[in-house]
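S.K.: The structure that follows is given in the form of structure tokens.
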Amino acid sequence: MTLFSVSYTKKNLPLLLSSFLILVGTIFIVPYGSFQEAGIVIKFWIGISIMSLGFIISWAIPSINLAWFWSITILTRLILILMEPGDDIWRYLWEGYIQNLGFSPYDLAPNALELIPYRTEWWSLMNHPDTSAIYPPLIQLGFRFLALISPSVFVFKFAFILADLGICWLLIRKFSLQKTLIYAWNPLIIYSFAGGGHYDSWFLLPLVGAWLVFVEEGRGKEEEETRKDRSWKKWMGTQTPVEEGRSKEEEGRRKDQSWKNWMGTQTSVEEGRSKEEEGRRKDRSWKNWMGTQTSVEEGRSKEEEGRRKDRSWKNWMGTQTVDDGVFNPKEQDNYRWYWSAFLIGISVAIKWVSLPILSFVVWQKILCFREQVTGNREQKRIKINMLHSAEKSDKQEHNFYHNLQLDEVHKTSRFSRFKLDDKTFSYLLHQVQQAGFLLLIGLLPMCVAALNFCQPGKCSLIPTSSNFVVNGRSAELIPYLVSFVSEQSTKFNWIYGIPLCLGVGILIWNCRRFVDFTEWYFFLLLTLSPIVHAWYFTWFIPFAVATRNLGIRWVSLSGFIYFVLPYRQTLGDNSWVLNPMERYWLWLPLIVGFIWSKWKDKKNIVGNRE
């Protein structure tokens, strides 16, 4: 028993050590959530360092079972419900609270005179009391619903944790438990949603759902293990037919049928038909010869005939699925597109930053036309090569036929680049219409939610006159570097929207995978944004589960340097500015690791092609 225990402990040492450190670090930081007291941030960093060490060790975990995964994942979040939250959550409570009193958070800032009679005991804990609401309308309705239940930190935190755990559940449905640890046991994720009480998990949940609906980016755990097991047995030469997907009974029947077929004694019944089916077959052949056979008599029941008509209708509508609901990206799998656009629309209505991702999906729908045209040209090229080969192998026979056919194919291929035939133009028009419909579906949640706050001639969902929006600064990178060249740039934040739009356009044009576009977009957005908070880096952590991007994993640790800003406030420094060394330590791990991982991925792709 002792030998077994020692062997088990040694084998699972990374799992045990990682779990222990993450739990200890989580418990350690519970009393140190309020950064308004001097010295609190230092102790908070100590606990985060313990969690970070456990997170790094988790990268080496060889295997983990589902019960252990969920135990640590849920326990760490429940522990941090008791932690003092960040100051953003008081804003959430206030905006939900005044909505239930009949006021719009977009019309009145927290310090408005009209709201003085309704101030609560935690009113003074809010940040930027002179600024009206900046959050999108759907999240405002969520705040209102939670405040209706109870305007308490516990209710809001619990709702954010549920969304966080929902993301974990979605990820383990597509990826192995070991890969999902990058998100589930990430200290920045655990603190930001369960400890700090930031609502970003609400917008990430539909975004991750849209990603996984849009495209299959990996295999589930069972499928991955089965694939590895089959490949190992195949390499060893020990794979049996049953392991290849056949049951024992099916294998026996297959051998029996092959033996009878070789002997010439197999009957029609043994070929898979019953006597009744054989009789119907003969009867149908006679009716077919007489010209009196009906569609139902051809082997379809009335229900099947109805389904066939229904499928033809769905095909005409462009909503038919393929292979019993398993979507084929080369076919008209519009359900996948619609659901993805709708989920992204929900994400946009919760946080504005998801809007370019909707544009990416819409553009990908239009690109289906390019794939169709490219596929046709490739088929024509293959046909030309085959005809040339046939011509070389048999120059004397059917020479006129080959030349005539080659001329026709060359003519079609040559003019297809400059002229659209009716069929191609119809397909292009159909794709553009579908893309427009996707855009409408994506904007629908925002428009419906905005009806609760907009009036005829007035719909100000963003406080554009606020100093926080116009020229606010927080842990920025590129705007900080630009300020050395032009000091005037610190007075206007909108100027960084120009390079952001250009960068998004380039990404939409070049990226084909959802995960690639999203990672690059968030990287571009965060480096260009004048206002960056530590929990903003949680935005692309779910996508690192698929790519294992090193920069995203590193910034999950270096992002905690951000909390030196509230630490300085307790010392009397309210400038909210990182010094150069702090800024570089915050950003360099992300930039170096992100670019290195992307370069390595591209190198691997080129190597596989070669």
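Residues in the structure tokens are named by chain (A, B, ... in the order shown) and by number from 1 within that chain; ligands are numbered from 1 in the order shown.
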Using only C-alpha atoms, which residues sit within 7 Å of segment 455-471 of chain A once same-chain residues fewer than 4 positions away are excluded, as a list of chain:residue names?
M.R.: A:Tyr106, A:Thr131, A:Ser132, A:Ile134, A:Pro136, A:Thr490, A:Lys491, A:Phe492, A:Asn493
S.K.: Suppose you want the space between atom CA of Pro445 of chain A and atom CA of Ser340 of chain A; what is it in Å?
M.R.: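 Between atom CA of Pro445 of chain A and atom CA of Ser340 of chain A the gap is 12.9 Å.
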S.K.: Choose the residue, out of A:Ala450, A:Leu367, A:Ile57, A:Leu204, that has the smallest atom-to-atom separation from Asn12 of chain A; count only C-alpha atoms.
M.R.: A:Ile57
S.K.: I need the residue nearest Lys179 of chain A from this list: A:Ile61, A:Ile50, A:Leu451, A:Ile346. Use only C-alpha atoms for the distance.
M.R.: A:Ile61
S.K.: Pick out each residue of segment 455-609 of chain A that DSSP on the backbone tags as helix (DSSP H, G or I); I need them as number ranges by chain.
M.R.: A: 467-471, 478-485, 487-491, 494-510, 514-528, 534-547, 550-570, 580-609
